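So the structure is just underneath, and the comments pick up after that.
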Amino acid sequence: MQNFKIIGKDDLLSVATQMKYDHYRLAQISCTKKDKLDLVYSFVKDYDLENIRIELEFDEEIESISGIYSYAFLYENEIKELFGVKIMRISLDFNGTFYKIKKTESKNGEVAQNG
Amino acid sequence: MNMIKKSPWILHYDGSSCNGCDIEVLACLTPLYDVERFGIINTGNPKHADILLITVSVNEQNIPVVKQLYDQMPNPKAVVAVGICAATGGIFKECYNVMGGIDKVIPVDVYVPGCAARPESIIEGVVKALGVLESKRKANEE
Amino acid sequence: MSFFQMAKTVLSSMFKKPATLNYPVKPREYDPIVRGHIEIEIEKCIFCGMCQRKCPTGAIKVERAEKRWAIEPFDCIQCNNCAESCPKDCLHMHNTATPANENRDLIRDARISVDAEDNKDS
Amino acid sequence: MGNRTIVPFGPQHPVLPEPIHLDLVLEDETVIEAIPSIGFVHRGLEKLVEKKDFQQYVYVAERICGICSFMHGMGYCMAVENVMDLKLPDRAEFLRTIWAELSRIHSHLLWLGLLADAVGFESLFMHCWRLREEILDLFDMTTGGRVIFSVCKVGGVRKDIDAEKLKKIVEVLSNMDSSLRSITKIFLSDTSIISRMSGVGVLSPEEAFDLGAVGPMARASGIVVDDRLLGYGAYPHVKFEVQTATEGDCYARTKVRINEIFESISIIKQCVSLMPSDTAIDVPVKGNPDGEYFARLEQPRGEVVYYVKGNGTKFLDRMRVRTPTFANLPPLLHTLKGVDLADVPVLVLTIDPCISCTER
Amino acid sequence: MNTVLFVIIKILIIVIAAPIVGGLLSGVDRKLSAKMQRRKGPPILQPFYDVIKLFQKETTTVNNFTRFYVAISLFFTIFTVVLFCLGMDLLLCVFSFTLACMFFVIAGYSSYSPFSFIGTERELIQIMCYEPMILIAAFGYYEAAGTFSIGGVFGLSSPVILKLPLIFIGLTYILTIKLRKSPFDLSMSHHGHQEIVKGITTELTGSSLAMVEITHWYETIFSLGFVYIFFAYNTTASKIIAAVICLVVYFLEILIDNTFARVKWQSALKYSWIITLITGALNLLYFNFFH
Amino acid sequence: MSIMIPLIVFSLVIALVVRFMKTQKAFAFTVRLGAAGVIVLSIVYAVCNFNNVVTFDLSNYEWIKYPVLALELLITGYIVFRGISSKKFLVAIFATLQFGLIAWFELTQENNITVKNDIYIDKISLLMILIIGVVGGLICLYSVEYMKAYHHHHPEFEDRRGFFFSVLFLFTAAMFGLVMFNNMTLMLFCWEITSLSSFLLIGYTKTDEAVNNAFTALVVNVFGGLCFTIGIVILGMHSHVLDFNSLMNLSNNNTVVMLAVLLIAVGGLTKSAQMPFSKWLLGAMVAPTPSSAILHSSTMVKAGVYLIIRLAPLLGSNAPGYTVAFVGGITFMYGAFMAISQRDAKKILAFSTISNLGLIVTCASLNTPEALWAAIMLIVFHAISKALLFLTVGSTEHQIGSRDVESMDGLVNVSKAVSMCLIIGIAGMFIAPFGMLISKWAAIKALIDSGNIIILLIVAFGSTVTMFFWTKWLGKIIANAHNKKKIDNTLRFDEKASLFSLSAMVVIVCAGHPLISKYIITPYIQNNMGINFSSPIDPVATTIIIAMMCVLFILPLIFVPLYHAHKEKPSSIYMSGENTGDDESFHGSLGQVQSVELQNWYMQGIFKEVKWCSWASAIVLVVGLLSIVGGFFL
């Protein structure tokens, strides 16, 4: 079984910086929505996989790591749109027009659960 | 003399597809199937096309696009829905972002089944669409 | 600088037979393994509903009470899951595809007699 | 502003096999800026795990993309099998590897054809696709489907390939060799093609890392990364080399992919000769997945990441797939700047885009 | 009176025969291309089916002028071909042909549609590529034949090609552009997939598009006519040989079409100008100093 | 003397009167009167003197050189003063040198030279008078409303309209003099007045840029004047010749004479902005449009080529001939290439002017009848078309607030009248049946016949490039864009009158070019060269050209009823399916409504102004030096 390192949301930027410094590549960011938002950041170096898990309340805000990993903006826009994760300061923010899914659904929070 | 049967030009639009039917549509153009035998050209431009081949269902964002393309095609025109997703939504039917069959957006003339539709089926569907075009042209003239 | 690299292929192709299968003129022979459409031997069916449960797209409808088995060919993804799960082995994958049609509400109902169904197809 | 050409590129556009939209800002014909818009193919497949059970979901996973369909099914199964701790029979692993590599050949040939088409070389496109049909015939013969195989399942594979068909595969591949070599040689040596690819969209190794490139895109920039070395499937049993190039331009990417075709042929031949005689192709699946796992495997387009989280019921909690094109989009957008409009399709193609993978 | 009638009949024959030959050539082109790609290909008459179909279809338009410009372009192309076949002044033919091209370009501009516009710019670049060579070929012809009159070719005792071998090479190179063959099919390609959709013709439908197609048939005749006058002189045999050489050149263009990737405009401009300079300048200078 | 009165004096009087006007009404009246007067007088004059060569001897008026010298001193003084006060010492030096030289020459050396026919008005002078009178008059007429609007749009500039109009008429008078005088010293005097007017008008707005450009123009022109003067002095002292008529009879084997001819030709080259002197003409575009039209495209720059046409008998297959022809050829190509990378309409016109003048210079210097025919035809067509284009650009600028070609898209929807004039003007510059092309045709024939292969190649490339930039401009105007853009576009009567008459002239002169050829140019050439000569374009071709012309105007008329009868279904523009519905925008990537913008290609990477300018100058200088060295000293 793989390891998932749990960190607080305030440590994200420093951990990401460290990862970048260690020459890790961001493999993906994913979100699972149960009673909390469960964010998993995966980093890959050659054949080595590191997973970092952050648990968030629904209304909690989190910093974008697009300043560190420029290409994170795609993942962040995706989870922002599909799960309603409040990500701050994304380098290129589509503001909910990333997938342009049907807007009427988002009122009752339906959309926010998929992905 | 009606030439539309001898030179149907197609426009292919790939909706929210899995690519399976798309590459089969492309495969129809290639030496093994060579639809150019029937004068079929894949124009890639709605304004030149007679037949709109839509592979797979549409999502919210595709609806205006498909409508636009359909509107831009000059009459007579026919629509062929390729693949079961284009007919009913198929396996994607239950996805939140999929609208189901193409016929919810534009009128469809021929449905081609298959997941993915085989080139033979697609050729068959296009040939069926030719009959539709023919009758539409007649209706136009009257 | 090397131009006309393709010329050899192209010129020799001119004197070869085209690779074209000539499909509608010459019907295509499929390998038996090819997945085309599902047929049922209705007399063997016990209407257990296994195929309906296993079908990933919900194309199969089984009504045990009415002894009715129907498939919506425009929902079927030809995965062969139903045939594999059928306890009585009465579902078979045929290697020819459902014909293209101008009307998609073509539910193949196994209760309809074979002749009638053929008429409807053509 | 006001002095630049701004045109929409896509979603419906003849050079785009799949819908994607770019706002292209041009000066003369040079791209100043390209802003992407996706979502035309977004269906919401990841959420579908809540409606299909984990075994049915294999069929959905296969339809994430119709080109690398088999690899998607395989990746999903691998993730679930790892969660459920299933050990597959060797034959199943070998069969999967054969299909996977055949898929790679077919995908690369398809890509070569599209590339030829993008540079306006129609006859080469036709010849590439003619060769590809021979691979598709092999699929037809072994799985019953040309595009979507439906042979993978959790716990193994659903169909076996008998010895005769294995022989046929080797035969077809051997017969293809000479025409394949003459076709690929054109890509690598014809001046008119090289002039369209060489020096276009250069991605240095540093940029490739900074932008998170994966697969052939990264390998063409000299980064040695190939997830097949992780040792899944039958790859530990076969010998192969990771194909790389150093130039980082479209030409290098073409070269890498062409070499991979021949590498794949060699892998398949090895698999066939090493094929275990044990006829078991699957293991029984008991219970439901509980736990989570990241599976990574190498698709024709690069690394795909499957994340599966089960909760003990037959419906999974979460299935996430990060496809190679998603990772390769930022390098694409980066390299698009400063090229000509005529290069845009070539560049878009050299990442071998699979939008339906990307948006799911 | 008789001569006038004779000329009118001649003009009618030219106007009718040219597109038929052009269309047939185009059909042969498609068939041969298909063969080269190991396909069966469409019937030889396919281009006619296409054009008739287009006339039968509805014509939609993005503005009121586009079709008009296309029609003028067609008119002047026919005009050029008639002038050419009647053996008039070669330079006048070139000018009138340029006028026709200009109207086609203007048709592209008038729609203000993104891809049509980019195609138009490329078309202009293409005109810029081939125009010097065509002009120089006309100059060379004047030097070699002593007259700009095309009819004068049949009074010569030796073919023009002997005096202008390099210019002929340059001209065949440039014909690839005029016939819209790969590698120079930048502005609108006969093949399906191009980054600018269908270039200038993107917005044209129905009869407008059919007119463009017919224009192209006339253009083919005009281009091959240029080849013809390099070989024909006052013997009958030479006329037949010249016609055969036209076909050979056309076949060569088809072969080139199938063996080259499309170039970018920069290369198109660079190579065609360099070739023009080398062949045109050398030939003219040589001719001027030694004759 | 009487023959000068109607034209020159009338212009001078108007110039003087208008200087002291203050109100718009007064301006309008006087300038209209002046313009109409100039037009009518020049036509009347041309008609009256059509069949005879007018000559006049000033030998009884020896004293006239003193007032002329005094005026020259005044002018020189003014230039020196402006030069020194603006720290442009080069201008002062050139001007002083020139005046010193001419004063010395006239006061001490001139006595033993007999000048016969100080005034000599033959067919070409007559043609020039018509151009100056009619085109210039129309431009003056146009400028009445234009200047009013100009100051309305640019309140930041001081309103010096009286001065402006005054200089305009002064210039007209000088131009009349220039083309009438056969005596070179008197011609030089007019020459300097034109230089001065150009300087004054470029600097009209008194901005730093304007003043700088004015000085650039002045320095080049005064340098040209200096060369001219040296040439005159050499001719006078060596061959005792001071008039063109006698000049023609000199042998063209004499090195000293040829040096003098080359120097005078250099004067002509500076005035007509040939390489390497062409920069000033671009700077001159800061001036208000009418002055650009009259000075810098249709008349003053023609003075340069007029001079070269006058010198033509001595040019041809000799060192100065080759040099001048080559300079013209290079300039033709350079101007055309550079116009590609420009988006400011006036800059395009300026480069195109430079380019066309290059062709005229080339033709004039070949000294074959066909070439001369082409050169004169080019002058006529160019003057009319360019004047029309400049004026239309001026009107366009006032209507859409910009003279950027890119902002002219859909102009045809905004203002039908202006865009029609623009289209006719552009068509006149390069499209097949129109005038410029006919002349180019003749030029090509002349070039082949004279065996100038290099220049022939240059012309082949240059004309192609010319077509590129004109067509893309034309494309912008007729584009079906911005249908909703509506601007208050009332063209005033004066503007309309001059624009429409010029447009009509473009067409009429083109259709009537066989007449011009038959009655003006051919007699001139026959007279001058003493040979039997007819138009280089054969009658059949002429007929076809005129037929094409008619077709161009008749076809639309045929199509209009057809269009009304058969309406096509309107359709939206193809935008990859992302249309928003108004044909001018699409759904952008970030969810915004993005308007489509289509911009022509400028290829600024390839056609860099500075790079090409230095290359072209270098080539011209090297070739010039080589030919001088080769021609004179070997």
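By convention here, the chains of the structure tokens are called A, B, ... in the order presented, each chain's residues are numbered starting at 1, and ligands are numbered starting at 1 in the order presented.
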What residues in chain D have any atom no more than 7 Å from chain A when counting only C-alpha atoms, and can you write them as a ChimeraX atom specification?
-> /D:37-39,42,44,46-47,211-212,225,230,293,318,322,330
Keeping C-alpha atoms for every residue in the selection just given, could you write it to a file as an mmCIF file, in the first residue's frame?
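Result file follows (selection-v6.cif):
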```cif
data_model
loop_
_atom_site.group_PDB
_atom_site.id
_atom_site.type_symbol
_atom_site.label_atom_id
_atom_site.label_comp_id
_atom_site.auth_asym_id
_atom_site.auth_seq_id
_atom_site.Cartn_x
_atom_site.Cartn_y
_atom_site.Cartn_z
ATOM 1 C CA SER D 37 -10.545 26.316 -23.578
ATOM 2 C CA ILE D 38 -11.551 22.764 -22.902
ATOM 3 C CA GLY D 39 -14.718 21.157 -21.725
ATOM 4 C CA HIS D 42 -16.119 16.708 -20.468
ATOM 5 C CA GLY D 44 -18.030 13.490 -15.943
ATOM 6 C CA GLU D 46 -15.043 10.054 -12.786
ATOM 7 C CA LYS D 47 -18.353 10.566 -11.090
ATOM 8 C CA LEU D 211 6.082 22.370 -17.316
ATOM 9 C CA GLY D 212 5.550 18.802 -16.235
ATOM 10 C CA VAL D 225 11.243 8.478 -17.993
ATOM 11 C CA LEU D 230 8.014 0.355 -12.914
ATOM 12 C CA TYR D 293 -4.069 3.169 -4.650
ATOM 13 C CA ARG D 318 -13.510 7.908 -5.973
ATOM 14 C CA ARG D 322 -4.714 11.954 -14.693
ATOM 15 C CA PRO D 330 1.155 23.306 -20.390
#
```
With a distance threshold of 7 Å and counting only C-alpha atoms, extract the residues of chain B near chain C and express them as a tab-separated table (two decimals) with C-alpha atoms, in the first residue's frame.
```tsv
chain	number	residue	atom	x	y	z
B	31	PRO	CA	-7.27	3.16	-48.42
B	32	LEU	CA	-9.02	0.14	-46.93
B	33	TYR	CA	-12.48	1.73	-46.98
B	34	ASP	CA	-11.85	4.71	-49.24
B	84	ILE	CA	-24.69	4.50	-29.80
B	87	ALA	CA	-28.23	7.86	-30.56
B	88	THR	CA	-29.01	7.60	-26.87
B	90	GLY	CA	-24.96	5.00	-24.53
B	91	ILE	CA	-22.70	4.26	-21.65
B	109	ASP	CA	-31.78	11.38	-40.08
B	110	VAL	CA	-29.81	8.20	-39.69
B	111	TYR	CA	-28.51	6.41	-36.65
B	112	VAL	CA	-25.47	4.20	-36.89
B	113	PRO	CA	-25.15	1.73	-34.02
B	114	GLY	CA	-22.01	0.28	-32.57
B	115	CYS	CA	-19.58	1.04	-29.81
B	120	GLU	CA	-18.73	-0.63	-42.61
B	121	SER	CA	-21.62	0.56	-40.49
B	124	GLU	CA	-23.90	2.04	-44.60
B	125	GLY	CA	-25.26	4.94	-42.57
```
Counting only C-alpha atoms, which residues of chain C come no farther than 9 Å from chain E, as a ChimeraX atom specification?
-> /C:3-7,9-20,22
Selection export as a tab-separated table (two decimals), in the first residue's frame, atoms kept: N, CA, C and O atoms:
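Printed below is result_4.tsv as written:
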```tsv
chain	number	residue	atom	x	y	z
C	3	PHE	N	14.79	15.10	-51.33
C	3	PHE	CA	13.40	15.24	-51.73
C	3	PHE	C	12.96	13.93	-52.39
C	3	PHE	O	13.76	13.04	-52.62
C	4	PHE	N	11.72	13.88	-52.68
C	4	PHE	CA	11.15	12.72	-53.38
C	4	PHE	C	11.40	11.41	-52.66
C	4	PHE	O	11.54	10.37	-53.28
C	5	GLN	N	11.52	11.45	-51.34
C	5	GLN	CA	11.65	10.21	-50.57
C	5	GLN	C	10.42	9.33	-50.77
C	5	GLN	O	10.49	8.12	-50.73
C	6	MET	N	9.31	10.01	-50.96
C	6	MET	CA	8.05	9.29	-51.02
C	6	MET	C	7.81	8.73	-52.42
C	6	MET	O	6.96	7.87	-52.60
C	7	ALA	N	8.57	9.24	-53.40
C	7	ALA	CA	8.24	8.93	-54.79
C	7	ALA	C	8.22	7.43	-55.06
C	7	ALA	O	7.35	6.93	-55.77
C	9	THR	N	7.57	4.89	-53.01
C	9	THR	CA	6.35	4.29	-52.47
C	9	THR	C	5.15	4.62	-53.34
C	9	THR	O	4.34	3.77	-53.69
C	10	VAL	N	5.09	5.90	-53.70
C	10	VAL	CA	3.91	6.38	-54.42
C	10	VAL	C	3.84	5.77	-55.81
C	10	VAL	O	2.79	5.29	-56.25
C	11	LEU	N	4.98	5.74	-56.49
C	11	LEU	CA	4.97	5.21	-57.85
C	11	LEU	C	4.72	3.70	-57.86
C	11	LEU	O	3.96	3.19	-58.69
C	12	SER	N	5.32	3.01	-56.91
C	12	SER	CA	5.08	1.56	-56.90
C	12	SER	C	3.63	1.27	-56.53
C	12	SER	O	3.04	0.31	-57.01
C	13	SER	N	3.04	2.15	-55.70
C	13	SER	CA	1.63	1.95	-55.34
C	13	SER	C	0.73	2.02	-56.56
C	13	SER	O	-0.31	1.37	-56.62
C	14	MET	N	1.15	2.85	-57.53
C	14	MET	CA	0.31	3.01	-58.72
C	14	MET	C	0.12	1.70	-59.46
C	14	MET	O	-0.88	1.49	-60.13
C	15	PHE	N	1.11	0.84	-59.35
C	15	PHE	CA	1.02	-0.40	-60.09
C	15	PHE	C	0.60	-1.57	-59.22
C	15	PHE	O	0.57	-2.71	-59.67
C	16	LYS	N	0.29	-1.28	-57.95
C	16	LYS	CA	-0.22	-2.34	-57.09
C	16	LYS	C	-1.74	-2.27	-57.08
C	16	LYS	O	-2.34	-1.26	-57.38
C	17	LYS	N	-2.30	-3.39	-56.66
C	17	LYS	CA	-3.75	-3.40	-56.54
C	17	LYS	C	-4.13	-2.50	-55.37
C	17	LYS	O	-3.46	-2.51	-54.34
C	18	PRO	N	-5.19	-1.70	-55.51
C	18	PRO	CA	-5.58	-0.87	-54.37
C	18	PRO	C	-5.92	-1.73	-53.15
C	18	PRO	O	-6.40	-2.85	-53.29
C	19	ALA	N	-5.64	-1.17	-51.97
C	19	ALA	CA	-5.91	-1.92	-50.75
C	19	ALA	C	-7.40	-1.90	-50.41
C	19	ALA	O	-7.83	-2.54	-49.46
C	20	THR	N	-8.16	-1.15	-51.19
C	20	THR	CA	-9.57	-0.95	-50.87
C	20	THR	C	-10.36	-2.27	-50.84
C	20	THR	O	-10.18	-3.12	-51.70
C	22	ASN	N	-13.57	-2.49	-51.06
C	22	ASN	CA	-14.75	-2.44	-51.91
C	22	ASN	C	-16.01	-2.84	-51.16
C	22	ASN	O	-16.82	-3.62	-51.64
```
State, in Å with one decimal place, the distance from atom CA of Val82 of chain B to atom CA of Ile54 of chain B.
-> 5.9 Å
Long-range neighbours of segment 291-298 of chain F as number ranges by chain, 7 Å cut-off, only C-alpha atoms, 2 positions minimum in chain | F: 136, 139, 198, 201, 281, 285, 287-289, 300-302, 353, 383, 386-387, 390-391
Quick check: residues of chain D within 7 Å of chain B, only C-alpha atoms, returned as a PDB file with N, CA and C atoms, in the first residue's frame.
```
ATOM      1  N   GLN D  12     -14.794  23.047 -33.679  1.00  0.00           N
ATOM      2  CA  GLN D  12     -14.877  22.283 -34.923  1.00  0.00           C
ATOM      3  C   GLN D  12     -13.834  22.841 -35.858  1.00  0.00           C
ATOM      4  N   HIS D  13     -12.876  22.039 -36.182  1.00  0.00           N
ATOM      5  CA  HIS D  13     -11.822  22.499 -37.071  1.00  0.00           C
ATOM      6  C   HIS D  13     -11.224  21.276 -37.732  1.00  0.00           C
ATOM      7  N   PRO D  14     -11.034  21.354 -39.055  1.00  0.00           N
ATOM      8  CA  PRO D  14     -10.615  20.132 -39.750  1.00  0.00           C
ATOM      9  C   PRO D  14      -9.319  19.508 -39.248  1.00  0.00           C
ATOM     10  N   GLU D  18     -10.358  16.294 -32.404  1.00  0.00           N
ATOM     11  CA  GLU D  18     -11.267  16.377 -31.266  1.00  0.00           C
ATOM     12  C   GLU D  18     -11.524  17.830 -30.914  1.00  0.00           C
ATOM     13  N   PRO D  19     -12.650  18.093 -30.297  1.00  0.00           N
ATOM     14  CA  PRO D  19     -12.941  19.497 -30.011  1.00  0.00           C
ATOM     15  C   PRO D  19     -12.091  20.063 -28.886  1.00  0.00           C
ATOM     16  N   GLY D  39     -13.394  21.386 -22.298  1.00  0.00           N
ATOM     17  CA  GLY D  39     -14.718  21.157 -21.725  1.00  0.00           C
ATOM     18  C   GLY D  39     -15.720  20.666 -22.741  1.00  0.00           C
ATOM     19  N   PHE D  40     -15.308  20.593 -24.000  1.00  0.00           N
ATOM     20  CA  PHE D  40     -16.250  20.096 -25.002  1.00  0.00           C
ATOM     21  C   PHE D  40     -16.449  18.587 -24.889  1.00  0.00           C
ATOM     22  N   VAL D  41     -15.488  17.929 -24.277  1.00  0.00           N
ATOM     23  CA  VAL D  41     -15.587  16.485 -24.175  1.00  0.00           C
ATOM     24  C   VAL D  41     -15.789  16.071 -22.715  1.00  0.00           C
ATOM     25  N   HIS D  42     -15.948  17.067 -21.875  1.00  0.00           N
ATOM     26  CA  HIS D  42     -16.119  16.708 -20.468  1.00  0.00           C
ATOM     27  C   HIS D  42     -17.468  16.049 -20.265  1.00  0.00           C
ATOM     28  N   ARG D  43     -17.412  14.790 -19.789  1.00  0.00           N
ATOM     29  CA  ARG D  43     -18.657  14.057 -19.606  1.00  0.00           C
ATOM     30  C   ARG D  43     -18.936  13.827 -18.131  1.00  0.00           C
ATOM     31  N   GLY D  44     -17.854  13.764 -17.354  1.00  0.00           N
ATOM     32  CA  GLY D  44     -18.030  13.490 -15.943  1.00  0.00           C
ATOM     33  C   GLY D  44     -17.907  12.006 -15.628  1.00  0.00           C
ATOM     34  N   LEU D  45     -16.948  11.367 -16.290  1.00  0.00           N
ATOM     35  CA  LEU D  45     -16.822   9.922 -16.122  1.00  0.00           C
ATOM     36  C   LEU D  45     -16.351   9.529 -14.733  1.00  0.00           C
ATOM     37  N   LEU D  48     -19.010   8.786 -12.543  1.00  0.00           N
ATOM     38  CA  LEU D  48     -19.834   7.643 -12.905  1.00  0.00           C
ATOM     39  C   LEU D  48     -19.564   6.425 -12.020  1.00  0.00           C
ATOM     40  N   VAL D  60     -16.538   1.504 -18.715  1.00  0.00           N
ATOM     41  CA  VAL D  60     -16.513   2.964 -18.789  1.00  0.00           C
ATOM     42  C   VAL D  60     -15.065   3.439 -18.942  1.00  0.00           C
ATOM     43  N   ARG D  63     -13.727   3.440 -22.221  1.00  0.00           N
ATOM     44  CA  ARG D  63     -14.265   4.471 -23.115  1.00  0.00           C
ATOM     45  C   ARG D  63     -13.876   5.879 -22.690  1.00  0.00           C
ATOM     46  N   ILE D  64     -12.915   5.952 -21.779  1.00  0.00           N
ATOM     47  CA  ILE D  64     -12.356   7.288 -21.518  1.00  0.00           C
ATOM     48  C   ILE D  64     -11.739   7.791 -22.802  1.00  0.00           C
ATOM     49  N   CYS D  65     -11.088   6.883 -23.503  1.00  0.00           N
ATOM     50  CA  CYS D  65     -10.512   7.267 -24.776  1.00  0.00           C
ATOM     51  C   CYS D  65     -10.522   6.068 -25.699  1.00  0.00           C
ATOM     52  N   GLY D  66     -10.876   6.295 -26.932  1.00  0.00           N
ATOM     53  CA  GLY D  66     -11.002   5.187 -27.864  1.00  0.00           C
ATOM     54  C   GLY D  66      -9.700   4.804 -28.519  1.00  0.00           C
ATOM     55  N   ILE D  67      -8.657   5.575 -28.327  1.00  0.00           N
ATOM     56  CA  ILE D  67      -7.404   5.234 -28.991  1.00  0.00           C
ATOM     57  C   ILE D  67      -6.535   4.387 -28.072  1.00  0.00           C
ATOM     58  N   MET D 126      -2.278   8.428 -45.839  1.00  0.00           N
ATOM     59  CA  MET D 126      -2.992   7.245 -46.308  1.00  0.00           C
ATOM     60  C   MET D 126      -2.163   5.988 -46.079  1.00  0.00           C
ATOM     61  N   TRP D 129      -2.066   4.994 -42.393  1.00  0.00           N
ATOM     62  CA  TRP D 129      -3.314   4.410 -41.903  1.00  0.00           C
ATOM     63  C   TRP D 129      -3.571   3.054 -42.537  1.00  0.00           C
ATOM     64  N   ARG D 130      -3.033   2.856 -43.718  1.00  0.00           N
ATOM     65  CA  ARG D 130      -3.182   1.545 -44.328  1.00  0.00           C
ATOM     66  C   ARG D 130      -2.422   0.506 -43.484  1.00  0.00           C
ATOM     67  N   VAL D 147     -11.619  -1.183 -32.062  1.00  0.00           N
ATOM     68  CA  VAL D 147     -11.198  -0.010 -31.324  1.00  0.00           C
ATOM     69  C   VAL D 147     -11.304  -0.266 -29.832  1.00  0.00           C
ATOM     70  N   ILE D 148     -12.464  -0.772 -29.442  1.00  0.00           N
ATOM     71  CA  ILE D 148     -12.677  -1.016 -28.022  1.00  0.00           C
ATOM     72  C   ILE D 148     -12.713  -2.517 -27.826  1.00  0.00           C
ATOM     73  N   SER D 356     -10.355  13.604 -25.154  1.00  0.00           N
ATOM     74  CA  SER D 356     -11.366  12.872 -24.401  1.00  0.00           C
ATOM     75  C   SER D 356     -10.739  12.257 -23.154  1.00  0.00           C
TER      76      SER D 356
END
```
Give the alpha helix (DSSP H) residues of segment 68-287 of chain D, as DSSP finds them on the backbone, and put them as a count of residues only.
-> 138
Residue neighbourhood segment 231-238 of chain F, 10 Å, only C-alpha atoms, exclusion window fewer than 2 positions, as a PyMOL selection string | chain F and resi 101-102+104-106+109-110+112-113+184-185+188+225-229+240-243+247+256-267
Identify, with DSSP run on backbone atoms, the residues in chain A assigned to strand (DSSP E), and express the list as a count of residues only.
-> 36
Select residues of chain F: the criterion is any atom within 6 Å of an atom of chain E, counting only C-alpha atoms; output as a ChimeraX atom specification.
-> /F:432,460-461,464,475,478-480,568-573
Give me, as JSON lines, each residue of chain D that comes within 7 Å of chain E, together with its shortest interatomic pair and the distance in Å at one decimal, counting only C-alpha atoms, with rows ordered by chain and rising residue number.
```
{"residue": "D:Val7", "atom": "CA", "partner": "E:Pro114", "partner_atom": "CA", "distance": 5.8}
{"residue": "D:His13", "atom": "CA", "partner": "E:Val197", "partner_atom": "CA", "distance": 6.7}
{"residue": "D:Pro14", "atom": "CA", "partner": "E:His193", "partner_atom": "CA", "distance": 5.1}
{"residue": "D:Val15", "atom": "CA", "partner": "E:His193", "partner_atom": "CA", "distance": 5.2}
{"residue": "D:Asp117", "atom": "CA", "partner": "E:His193", "partner_atom": "CA", "distance": 6.6}
{"residue": "D:Ala118", "atom": "CA", "partner": "E:Gln194", "partner_atom": "CA", "distance": 6.8}
{"residue": "D:Val119", "atom": "CA", "partner": "E:Ala261", "partner_atom": "CA", "distance": 5.5}
{"residue": "D:Gly120", "atom": "CA", "partner": "E:Arg262", "partner_atom": "CA", "distance": 4.8}
{"residue": "D:Phe121", "atom": "CA", "partner": "E:Ala261", "partner_atom": "CA", "distance": 4.6}
{"residue": "D:Glu122", "atom": "CA", "partner": "E:Asn258", "partner_atom": "CA", "distance": 6.9}
{"residue": "D:Ser123", "atom": "CA", "partner": "E:Gln37", "partner_atom": "CA", "distance": 5.3}
{"residue": "D:Met126", "atom": "CA", "partner": "E:Gln37", "partner_atom": "CA", "distance": 5.9}
{"residue": "D:His127", "atom": "CA", "partner": "E:Gln37", "partner_atom": "CA", "distance": 6.4}
{"residue": "D:Ser192", "atom": "CA", "partner": "E:Ala261", "partner_atom": "CA", "distance": 5.5}
{"residue": "D:Ile193", "atom": "CA", "partner": "E:Ala261", "partner_atom": "CA", "distance": 5.6}
{"residue": "D:Arg196", "atom": "CA", "partner": "E:Val263", "partner_atom": "CA", "distance": 7.0}
{"residue": "D:Ala342", "atom": "CA", "partner": "E:Glu195", "partner_atom": "CA", "distance": 6.2}
{"residue": "D:Pro345", "atom": "CA", "partner": "E:Glu195", "partner_atom": "CA", "distance": 6.4}
```
So, counting only C-alpha atoms, which residue among B:Lys67, B:Lys5, B:Gly39, B:Ile122 is closest to Leu53 of chain B?
-> B:Ile122
Would you work out the distance separating atom CA of Leu26 of chain D from atom CA of Leu347 of chain D, expressed in Å to one decimal?
->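 Computing the Euclidean distance for atom CA of Leu26 of chain D and atom CA of Leu347 of chain D yields 15.7 Å.
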